[in-house]
$ cat start-v2.txt   # compact mmCIF, N, CA and C atoms
# COMPACT_ATOMS: atom_id res chain seq x y z
N ALA H 1 278.90 171.80 164.23
CA ALA H 1 278.58 172.84 165.18
C ALA H 1 279.06 172.46 166.58
N VAL H 2 278.85 171.22 166.97
CA VAL H 2 279.27 170.78 168.31
C VAL H 2 280.79 170.84 168.42
N VAL H 3 281.49 170.41 167.37
CA VAL H 3 282.95 170.40 167.41
C VAL H 3 283.48 171.82 167.54
N SER H 4 282.97 172.75 166.73
CA SER H 4 283.47 174.12 166.81
C SER H 4 283.10 174.77 168.14
N THR H 5 281.90 174.51 168.62
CA THR H 5 281.49 175.07 169.92
C THR H 5 282.36 174.52 171.04
N GLN H 6 282.57 173.22 171.04
CA GLN H 6 283.37 172.59 172.08
C GLN H 6 284.82 173.07 172.03
N SER H 7 285.41 173.07 170.84
CA SER H 7 286.81 173.47 170.74
C SER H 7 287.00 174.95 171.03
N THR H 8 286.02 175.78 170.69
CA THR H 8 286.11 177.20 170.99
C THR H 8 285.96 177.45 172.49
N GLY H 9 285.01 176.76 173.09
CA GLY H 9 284.74 176.97 174.52
C GLY H 9 285.77 176.34 175.44
N ASN H 10 286.24 175.15 175.11
CA ASN H 10 287.13 174.41 176.02
C ASN H 10 288.48 174.05 175.41
N GLY H 11 288.71 174.48 174.18
CA GLY H 11 289.97 174.17 173.53
C GLY H 11 289.89 172.87 172.74
N VAL H 12 290.75 172.74 171.76
CA VAL H 12 290.76 171.56 170.90
C VAL H 12 291.03 170.30 171.73
N ARG H 13 291.83 170.43 172.78
CA ARG H 13 292.16 169.29 173.63
C ARG H 13 290.90 168.63 174.21
N SER H 14 289.86 169.40 174.42
CA SER H 14 288.64 168.86 175.01
C SER H 14 287.96 167.84 174.10
N LEU H 15 288.29 167.85 172.80
CA LEU H 15 287.71 166.89 171.88
C LEU H 15 288.24 165.47 172.15
N TRP H 16 289.31 165.37 172.91
CA TRP H 16 289.94 164.08 173.18
C TRP H 16 289.67 163.60 174.60
N TYR H 17 288.75 164.26 175.33
CA TYR H 17 288.41 163.79 176.68
C TYR H 17 287.96 162.33 176.59
N GLY H 18 288.51 161.50 177.41
CA GLY H 18 288.12 160.09 177.44
C GLY H 18 288.99 159.19 176.58
N ALA H 19 289.92 159.77 175.80
CA ALA H 19 290.76 158.94 174.92
C ALA H 19 291.69 158.04 175.72
N LYS H 20 292.31 158.56 176.79
CA LYS H 20 293.19 157.72 177.62
C LYS H 20 292.39 156.60 178.26
N SER H 21 291.22 156.94 178.77
CA SER H 21 290.38 155.91 179.39
C SER H 21 290.02 154.83 178.39
N GLN H 22 289.75 155.24 177.16
CA GLN H 22 289.37 154.26 176.16
C GLN H 22 290.53 153.32 175.85
N LEU H 23 291.72 153.87 175.73
CA LEU H 23 292.90 153.02 175.50
C LEU H 23 293.14 152.09 176.69
N LEU H 24 293.02 152.62 177.89
CA LEU H 24 293.23 151.81 179.08
C LEU H 24 292.11 150.79 179.29
N ARG H 25 290.99 151.01 178.65
CA ARG H 25 289.91 150.03 178.67
C ARG H 25 290.15 148.96 177.60
N ASP H 26 290.45 149.40 176.39
CA ASP H 26 290.52 148.47 175.26
C ASP H 26 291.75 147.57 175.25
N LEU H 27 292.90 148.11 175.62
CA LEU H 27 294.12 147.28 175.58
C LEU H 27 294.06 146.12 176.57
N PRO H 28 293.79 146.36 177.86
CA PRO H 28 293.69 145.21 178.77
C PRO H 28 292.53 144.28 178.42
N PHE H 29 291.42 144.85 177.99
CA PHE H 29 290.28 144.01 177.61
C PHE H 29 290.70 143.04 176.52
N THR H 30 291.36 143.56 175.49
CA THR H 30 291.74 142.72 174.36
C THR H 30 292.71 141.62 174.77
N VAL H 31 293.72 141.97 175.54
CA VAL H 31 294.72 140.98 175.97
C VAL H 31 294.07 139.90 176.83
N VAL H 32 293.31 140.32 177.83
CA VAL H 32 292.68 139.35 178.74
C VAL H 32 291.65 138.50 178.00
N TYR H 33 290.84 139.16 177.18
CA TYR H 33 289.79 138.44 176.45
C TYR H 33 290.37 137.35 175.57
N TRP H 34 291.32 137.70 174.71
CA TRP H 34 291.84 136.72 173.76
C TRP H 34 292.63 135.61 174.46
N PHE H 35 293.38 135.96 175.50
CA PHE H 35 294.12 134.94 176.24
C PHE H 35 293.17 133.93 176.88
N LEU H 36 292.18 134.43 177.62
CA LEU H 36 291.24 133.53 178.30
C LEU H 36 290.32 132.81 177.33
N GLN H 37 289.88 133.51 176.31
CA GLN H 37 288.99 132.88 175.34
C GLN H 37 289.67 131.66 174.73
N ASP H 38 290.91 131.83 174.34
CA ASP H 38 291.63 130.72 173.71
C ASP H 38 291.91 129.60 174.72
N ALA H 39 292.34 129.96 175.92
CA ALA H 39 292.65 128.94 176.93
C ALA H 39 291.42 128.11 177.29
N VAL H 40 290.29 128.77 177.50
CA VAL H 40 289.06 128.05 177.85
C VAL H 40 288.56 127.24 176.67
N LYS H 41 288.64 127.79 175.48
CA LYS H 41 288.22 127.08 174.27
C LYS H 41 289.01 125.77 174.13
N VAL H 42 290.32 125.84 174.32
CA VAL H 42 291.17 124.65 174.20
C VAL H 42 290.80 123.62 175.26
N ARG H 43 290.60 124.08 176.49
CA ARG H 43 290.23 123.15 177.57
C ARG H 43 288.89 122.48 177.30
N LEU H 44 287.93 123.24 176.83
CA LEU H 44 286.62 122.67 176.53
C LEU H 44 286.71 121.70 175.34
N ALA H 45 287.50 122.04 174.34
CA ALA H 45 287.67 121.14 173.20
C ALA H 45 288.34 119.84 173.65
N GLU H 46 289.33 119.94 174.54
CA GLU H 46 290.00 118.75 175.07
C GLU H 46 289.04 117.89 175.89
N ALA H 47 288.03 118.53 176.49
CA ALA H 47 287.04 117.81 177.28
C ALA H 47 285.94 117.20 176.40
N GLY H 48 286.05 117.39 175.09
CA GLY H 48 285.12 116.75 174.17
C GLY H 48 284.04 117.64 173.60
N TYR H 49 284.04 118.92 173.92
CA TYR H 49 283.04 119.83 173.36
C TYR H 49 283.45 120.22 171.94
N ASN H 50 282.47 120.35 171.06
CA ASN H 50 282.80 120.71 169.69
C ASN H 50 282.97 122.22 169.54
N THR H 51 283.07 122.70 168.32
CA THR H 51 283.41 124.09 168.03
C THR H 51 282.47 125.10 168.68
N ILE H 52 281.19 124.91 168.54
CA ILE H 52 280.25 125.93 169.03
C ILE H 52 280.29 126.08 170.55
N PRO H 53 280.09 125.01 171.34
CA PRO H 53 280.12 125.22 172.78
C PRO H 53 281.50 125.62 173.32
N SER H 54 282.57 125.11 172.73
CA SER H 54 283.89 125.47 173.25
C SER H 54 284.20 126.94 172.99
N ASN H 55 283.86 127.44 171.83
CA ASN H 55 284.08 128.86 171.53
C ASN H 55 283.14 129.75 172.31
N PHE H 56 281.89 129.33 172.44
CA PHE H 56 280.91 130.11 173.19
C PHE H 56 281.36 130.23 174.65
N GLY H 57 281.75 129.11 175.24
CA GLY H 57 282.20 129.12 176.64
C GLY H 57 283.45 129.95 176.82
N GLY H 58 284.41 129.81 175.90
CA GLY H 58 285.63 130.60 175.98
C GLY H 58 285.35 132.09 175.90
N ALA H 59 284.45 132.46 174.99
CA ALA H 59 284.10 133.87 174.83
C ALA H 59 283.39 134.43 176.06
N MET H 60 282.52 133.64 176.65
CA MET H 60 281.80 134.11 177.84
C MET H 60 282.76 134.32 179.02
N VAL H 61 283.66 133.36 179.24
CA VAL H 61 284.61 133.49 180.35
C VAL H 61 285.58 134.64 180.09
N GLY H 62 286.18 134.65 178.90
CA GLY H 62 287.12 135.72 178.57
C GLY H 62 286.47 137.09 178.61
N GLY H 63 285.26 137.18 178.06
CA GLY H 63 284.55 138.45 178.05
C GLY H 63 284.17 138.92 179.44
N ALA H 64 283.76 138.00 180.31
CA ALA H 64 283.36 138.38 181.66
C ALA H 64 284.55 138.91 182.46
N VAL H 65 285.65 138.19 182.45
CA VAL H 65 286.83 138.62 183.21
C VAL H 65 287.38 139.92 182.64
N ALA H 66 287.49 140.02 181.33
CA ALA H 66 288.01 141.23 180.69
C ALA H 66 287.12 142.44 180.97
N THR H 67 285.82 142.23 181.00
CA THR H 67 284.89 143.33 181.27
C THR H 67 285.05 143.84 182.69
N VAL H 68 285.16 142.94 183.65
CA VAL H 68 285.33 143.36 185.05
C VAL H 68 286.63 144.14 185.22
N ILE H 69 287.71 143.63 184.63
CA ILE H 69 289.01 144.30 184.76
C ILE H 69 289.01 145.68 184.12
N SER H 70 288.38 145.81 182.98
CA SER H 70 288.44 147.07 182.23
C SER H 70 287.31 148.05 182.56
N HIS H 71 286.34 147.62 183.36
CA HIS H 71 285.16 148.47 183.58
C HIS H 71 285.45 149.84 184.20
N PRO H 72 286.33 149.95 185.20
CA PRO H 72 286.56 151.31 185.74
C PRO H 72 287.00 152.30 184.67
N PHE H 73 287.76 151.85 183.69
CA PHE H 73 288.20 152.74 182.62
C PHE H 73 287.06 153.04 181.65
N ASP H 74 286.16 152.09 181.44
CA ASP H 74 284.99 152.34 180.61
C ASP H 74 284.09 153.37 181.30
N LEU H 75 283.94 153.23 182.59
CA LEU H 75 283.12 154.18 183.36
C LEU H 75 283.69 155.59 183.26
N THR H 76 284.99 155.74 183.47
CA THR H 76 285.57 157.08 183.40
C THR H 76 285.51 157.63 181.98
N LYS H 77 285.72 156.77 180.98
CA LYS H 77 285.62 157.21 179.58
C LYS H 77 284.24 157.79 179.31
N THR H 78 283.22 157.05 179.72
CA THR H 78 281.85 157.49 179.49
C THR H 78 281.57 158.81 180.21
N GLN H 79 282.00 158.91 181.45
CA GLN H 79 281.76 160.14 182.21
C GLN H 79 282.51 161.33 181.63
N LEU H 80 283.76 161.10 181.24
CA LEU H 80 284.54 162.20 180.65
C LEU H 80 283.95 162.64 179.32
N GLN H 81 283.59 161.67 178.47
CA GLN H 81 283.06 162.03 177.15
C GLN H 81 281.68 162.66 177.26
N SER H 82 280.88 162.23 178.23
CA SER H 82 279.54 162.81 178.34
C SER H 82 279.59 164.19 179.01
N SER H 83 280.72 164.56 179.58
CA SER H 83 280.82 165.89 180.19
C SER H 83 281.14 166.98 179.17
N VAL H 84 281.53 166.56 177.96
CA VAL H 84 281.88 167.52 176.91
C VAL H 84 280.64 168.35 176.56
N GLY H 85 280.82 169.64 176.55
CA GLY H 85 279.73 170.55 176.19
C GLY H 85 278.79 170.89 177.32
N THR H 86 279.05 170.40 178.52
CA THR H 86 278.16 170.66 179.65
C THR H 86 278.68 171.78 180.54
N GLY H 87 279.89 172.27 180.25
CA GLY H 87 280.49 173.29 181.10
C GLY H 87 281.22 172.69 182.29
N SER H 88 281.24 171.38 182.37
CA SER H 88 281.92 170.69 183.46
C SER H 88 283.43 170.76 183.26
N ASP H 89 284.17 170.81 184.37
CA ASP H 89 285.63 170.79 184.27
C ASP H 89 286.18 169.38 184.49
N LEU H 90 285.32 168.40 184.37
CA LEU H 90 285.70 167.00 184.59
C LEU H 90 286.87 166.59 183.71
N GLY H 91 286.87 167.02 182.46
CA GLY H 91 287.94 166.66 181.54
C GLY H 91 289.28 167.27 181.90
N ASN H 92 289.28 168.34 182.66
CA ASN H 92 290.52 168.99 183.05
C ASN H 92 291.20 168.29 184.23
N LYS H 93 290.47 167.48 184.95
CA LYS H 93 291.02 166.80 186.13
C LYS H 93 292.06 165.75 185.74
N GLY H 94 291.83 165.08 184.69
CA GLY H 94 292.69 163.97 184.31
C GLY H 94 292.09 162.65 184.73
N LEU H 95 292.47 161.62 184.04
CA LEU H 95 291.92 160.28 184.22
C LEU H 95 292.11 159.76 185.64
N PHE H 96 293.34 159.74 186.11
CA PHE H 96 293.61 159.11 187.39
C PHE H 96 293.03 159.91 188.55
N GLN H 97 293.00 161.22 188.42
CA GLN H 97 292.36 162.04 189.45
C GLN H 97 290.86 161.76 189.49
N HIS H 98 290.27 161.56 188.33
CA HIS H 98 288.84 161.24 188.27
C HIS H 98 288.56 159.88 188.92
N ILE H 99 289.42 158.89 188.66
CA ILE H 99 289.25 157.58 189.29
C ILE H 99 289.36 157.71 190.81
N LEU H 100 290.35 158.47 191.29
CA LEU H 100 290.50 158.67 192.74
C LEU H 100 289.30 159.39 193.33
N ASP H 101 288.75 160.36 192.60
CA ASP H 101 287.56 161.07 193.07
C ASP H 101 286.37 160.12 193.20
N ILE H 102 286.20 159.25 192.22
CA ILE H 102 285.09 158.27 192.29
C ILE H 102 285.27 157.38 193.50
N LYS H 103 286.49 156.88 193.69
CA LYS H 103 286.76 155.99 194.83
C LYS H 103 286.54 156.72 196.16
N ARG H 104 286.96 157.98 196.22
CA ARG H 104 286.82 158.75 197.46
C ARG H 104 285.35 159.05 197.77
N THR H 105 284.58 159.41 196.75
CA THR H 105 283.19 159.82 197.00
C THR H 105 282.20 158.65 197.02
N GLN H 106 282.48 157.60 196.24
CA GLN H 106 281.52 156.50 196.13
C GLN H 106 282.07 155.17 196.65
N GLY H 107 283.34 155.16 197.01
CA GLY H 107 283.96 153.91 197.44
C GLY H 107 284.40 153.08 196.26
N PHE H 108 285.04 151.96 196.55
CA PHE H 108 285.54 151.06 195.51
C PHE H 108 284.41 150.59 194.60
N ARG H 109 283.24 150.35 195.18
CA ARG H 109 282.10 149.89 194.38
C ARG H 109 281.67 150.92 193.33
N GLY H 110 281.96 152.18 193.59
CA GLY H 110 281.62 153.24 192.64
C GLY H 110 282.31 153.07 191.30
N LEU H 111 283.46 152.39 191.30
CA LEU H 111 284.18 152.16 190.05
C LEU H 111 283.51 151.11 189.18
N PHE H 112 282.51 150.43 189.75
CA PHE H 112 281.84 149.36 189.01
C PHE H 112 280.36 149.65 188.77
N VAL H 113 279.98 150.91 188.91
CA VAL H 113 278.62 151.32 188.59
C VAL H 113 278.38 151.06 187.11
N GLY H 114 277.29 150.40 186.78
CA GLY H 114 276.95 150.11 185.39
C GLY H 114 277.58 148.85 184.84
N LEU H 115 278.21 148.04 185.71
CA LEU H 115 278.87 146.82 185.23
C LEU H 115 277.86 145.82 184.66
N THR H 116 276.72 145.67 185.31
CA THR H 116 275.74 144.69 184.84
C THR H 116 275.23 145.01 183.44
N PRO H 117 274.81 146.24 183.15
CA PRO H 117 274.39 146.51 181.77
C PRO H 117 275.52 146.31 180.75
N ARG H 118 276.74 146.63 181.16
CA ARG H 118 277.86 146.41 180.23
C ARG H 118 278.06 144.93 179.97
N MET H 119 277.93 144.11 181.01
CA MET H 119 278.06 142.65 180.84
C MET H 119 276.96 142.14 179.90
N VAL H 120 275.75 142.65 180.08
CA VAL H 120 274.62 142.23 179.24
C VAL H 120 274.88 142.56 177.78
N LYS H 121 275.61 143.64 177.54
CA LYS H 121 275.94 144.03 176.17
C LYS H 121 277.16 143.27 175.64
N VAL H 122 278.21 143.19 176.43
CA VAL H 122 279.49 142.66 175.95
C VAL H 122 279.50 141.15 175.81
N LEU H 123 279.00 140.42 176.79
CA LEU H 123 279.11 138.96 176.75
C LEU H 123 278.43 138.32 175.55
N PRO H 124 277.17 138.64 175.25
CA PRO H 124 276.58 138.06 174.05
C PRO H 124 277.32 138.47 172.77
N SER H 125 277.80 139.71 172.74
CA SER H 125 278.54 140.18 171.58
C SER H 125 279.80 139.35 171.36
N CYS H 126 280.57 139.14 172.43
CA CYS H 126 281.79 138.32 172.32
C CYS H 126 281.44 136.90 171.89
N ALA H 127 280.44 136.32 172.52
CA ALA H 127 280.07 134.92 172.24
C ALA H 127 279.57 134.75 170.81
N ILE H 128 278.73 135.65 170.36
CA ILE H 128 278.20 135.55 168.99
C ILE H 128 279.32 135.74 167.98
N PHE H 129 280.17 136.73 168.21
CA PHE H 129 281.25 137.01 167.25
C PHE H 129 282.19 135.81 167.12
N ILE H 130 282.75 135.35 168.22
CA ILE H 130 283.79 134.31 168.11
C ILE H 130 283.19 132.97 167.70
N THR H 131 281.99 132.67 168.18
CA THR H 131 281.36 131.41 167.80
C THR H 131 281.04 131.41 166.30
N SER H 132 280.54 132.50 165.79
CA SER H 132 280.26 132.61 164.35
C SER H 132 281.54 132.52 163.54
N PHE H 133 282.53 133.28 163.95
CA PHE H 133 283.80 133.30 163.23
C PHE H 133 284.43 131.91 163.17
N GLU H 134 284.55 131.26 164.32
CA GLU H 134 285.18 129.94 164.36
C GLU H 134 284.32 128.89 163.65
N GLY H 135 283.00 129.00 163.78
CA GLY H 135 282.11 128.07 163.10
C GLY H 135 282.23 128.18 161.59
N PHE H 136 282.21 129.41 161.07
CA PHE H 136 282.36 129.60 159.64
C PHE H 136 283.76 129.19 159.17
N LYS H 137 284.76 129.47 159.97
CA LYS H 137 286.12 129.07 159.61
C LYS H 137 286.21 127.55 159.48
N GLU H 138 285.64 126.85 160.43
CA GLU H 138 285.65 125.38 160.38
C GLU H 138 284.88 124.87 159.16
N TYR H 139 283.72 125.46 158.90
CA TYR H 139 282.91 125.07 157.76
C TYR H 139 283.66 125.26 156.45
N PHE H 140 284.24 126.46 156.25
CA PHE H 140 284.91 126.74 154.98
C PHE H 140 286.22 125.96 154.85
N ASN H 141 286.92 125.72 155.95
CA ASN H 141 288.13 124.88 155.89
C ASN H 141 287.76 123.46 155.44
N ALA H 142 286.70 122.92 155.99
CA ALA H 142 286.24 121.57 155.61
C ALA H 142 285.81 121.54 154.15
N ARG H 143 285.11 122.59 153.74
CA ARG H 143 284.64 122.67 152.35
C ARG H 143 285.80 122.78 151.38
N ASN H 144 286.80 123.58 151.73
CA ASN H 144 287.97 123.73 150.86
C ASN H 144 288.80 122.45 150.81
N ALA H 145 288.81 121.70 151.88
CA ALA H 145 289.56 120.45 151.92
C ALA H 145 288.94 119.40 150.99
N GLN H 146 287.64 119.51 150.75
CA GLN H 146 286.95 118.56 149.86
C GLN H 146 287.24 118.82 148.39
N LYS H 147 287.68 120.01 148.08
CA LYS H 147 287.90 120.39 146.66
C LYS H 147 289.19 119.83 146.14

$ encode --input "start-v2.txt" --output "structure tokens"
Amino acid sequence: AVVSTQSTGNGVRSLWYGAKSQLLRDLPFTVVYWFLQDAVKVRLAEAGYNTIPSNFGGAMVGGAVATVISHPFDLTKTQLQSSVGTGSDLGNKGLFQHILDIKRTQGFRGLFVGLTPRMVKVLPSCAIFITSFEGFKEYFNARNAQK
């Protein structure tokens, strides 16, 4: 019902509001996260930390920097997607016009509204995922080597 109402009222294109923002959020996040996560992990391992703390630290640093860099696009994605079905013309403005509007009306800091809750969500998620993955990988590699 929501899809047909939205596409009838605002056109099929309105179903994709926020897609550009999501791509511009996810691509830089992924590149920055994995690059920094690996670099910090290697440095911590070289400093004598074992798998869990080195991966946890790498994930926290990579996740923090990637989140800050990608947050303005996450903010616009959320605002564009939440405007669907409200009668707002926000989705018709376009991504970059929306970013400029936020900067003009709220200042540069307006692009980082909601950063703290996003950090609270993203950082533990990154740390738990990569630490678990690398820990299990190390465990199973050691176990397979014994066979």

$ select_by_dssp --input "start-v2.txt" --residues "chain H" --states "alpha helix (DSSP H)" --output "JSON, numbers by chain"
{"H": [2, 3, 4, 5, 6, 7, 8, 9, 10, 19, 20, 21, 22, 23, 24, 25, 26, 27, 28, 29, 30, 31, 32, 33, 34, 35, 36, 37, 38, 39, 40, 41, 42, 43, 44, 45, 46, 51, 52, 53, 54, 55, 56, 57, 58, 59, 60, 61, 62, 63, 64, 65, 66, 67, 68, 69, 70, 71, 72, 73, 74, 75, 76, 77, 78, 79, 80, 81, 82, 90, 91, 92, 93, 95, 96, 97, 98, 99, 100, 101, 102, 103, 104, 105, 106, 115, 116, 117, 118, 119, 120, 121, 122, 123, 124, 125, 126, 127, 128, 129, 130, 131, 132, 133, 134, 135, 136, 137, 138, 139, 140, 141, 142, 143, 144, 145, 146]}

$ closest_residue --input "start-v2.txt" --among "H:Leu111, H:Met119, H:Val40, H:Ile69" --to "Asn55 in chain H" --atoms "only N, CA and C atoms"
H:Val40

$ atom_distance --input "start-v2.txt" --atom1 "atom C of Tyr33 in chain H" --atom2 "CA of Ala19 in chain H"
21.6 Å

$ atom_distance --input "start-v2.txt" --atom1 "CA of Leu27 in chain H" --atom2 "atom N of Leu100 in chain H"
19.7 Å

$ closest_residue --input "start-v2.txt" --among "H:Pro53, H:Pro72, H:Gly11, H:Pro28" --to "Gly135 in chain H" --atoms "only C-alpha atoms"
H:Pro53

$ atom_distance --input "start-v2.txt" --atom1 "atom C of Gly107 in chain H" --atom2 "atom N of Arg25 in chain H"
18.9 Å

$ residues_around --input "start-v2.txt" --residues "Val61 in chain H" --least-positions-apart "2" --cutoff "12 Å" --atoms "only C-alpha atoms" --output "list in words"
Val32, Tyr33, Trp34, Phe35, Leu36, Gln37, Asp38, Ala39, Val40, Lys41, Leu44, Ser54, Asn55, Phe56, Gly57, Gly58, Ala59, Gly63, Ala64, Val65, Ala66, Thr67, Val68, Met119, Val122, Leu123, Pro124, Cys126 and Ala127 of chain H

$ residues_around --input "start-v2.txt" --residues "Gln22 in chain H" --least-positions-apart "5" --cutoff "8 Å" --atoms "all atoms listed in the file" --output "list of chain:residue names"
H:Tyr17, H:Leu27, H:Pro28, H:Phe73, H:Asp74, H:Thr76, H:Lys77, H:Thr78

$ residues_near_point --input "start-v2.txt" --point "(278.1, 148.4, 188.1)" --cutoff "12 Å" --atoms "only C-alpha atoms" --output "JSON, numbers by chain"
{"H": [67, 68, 70, 71, 72, 74, 75, 106, 108, 109, 110, 111, 112, 113, 114, 115, 116, 117, 118, 119, 120]}
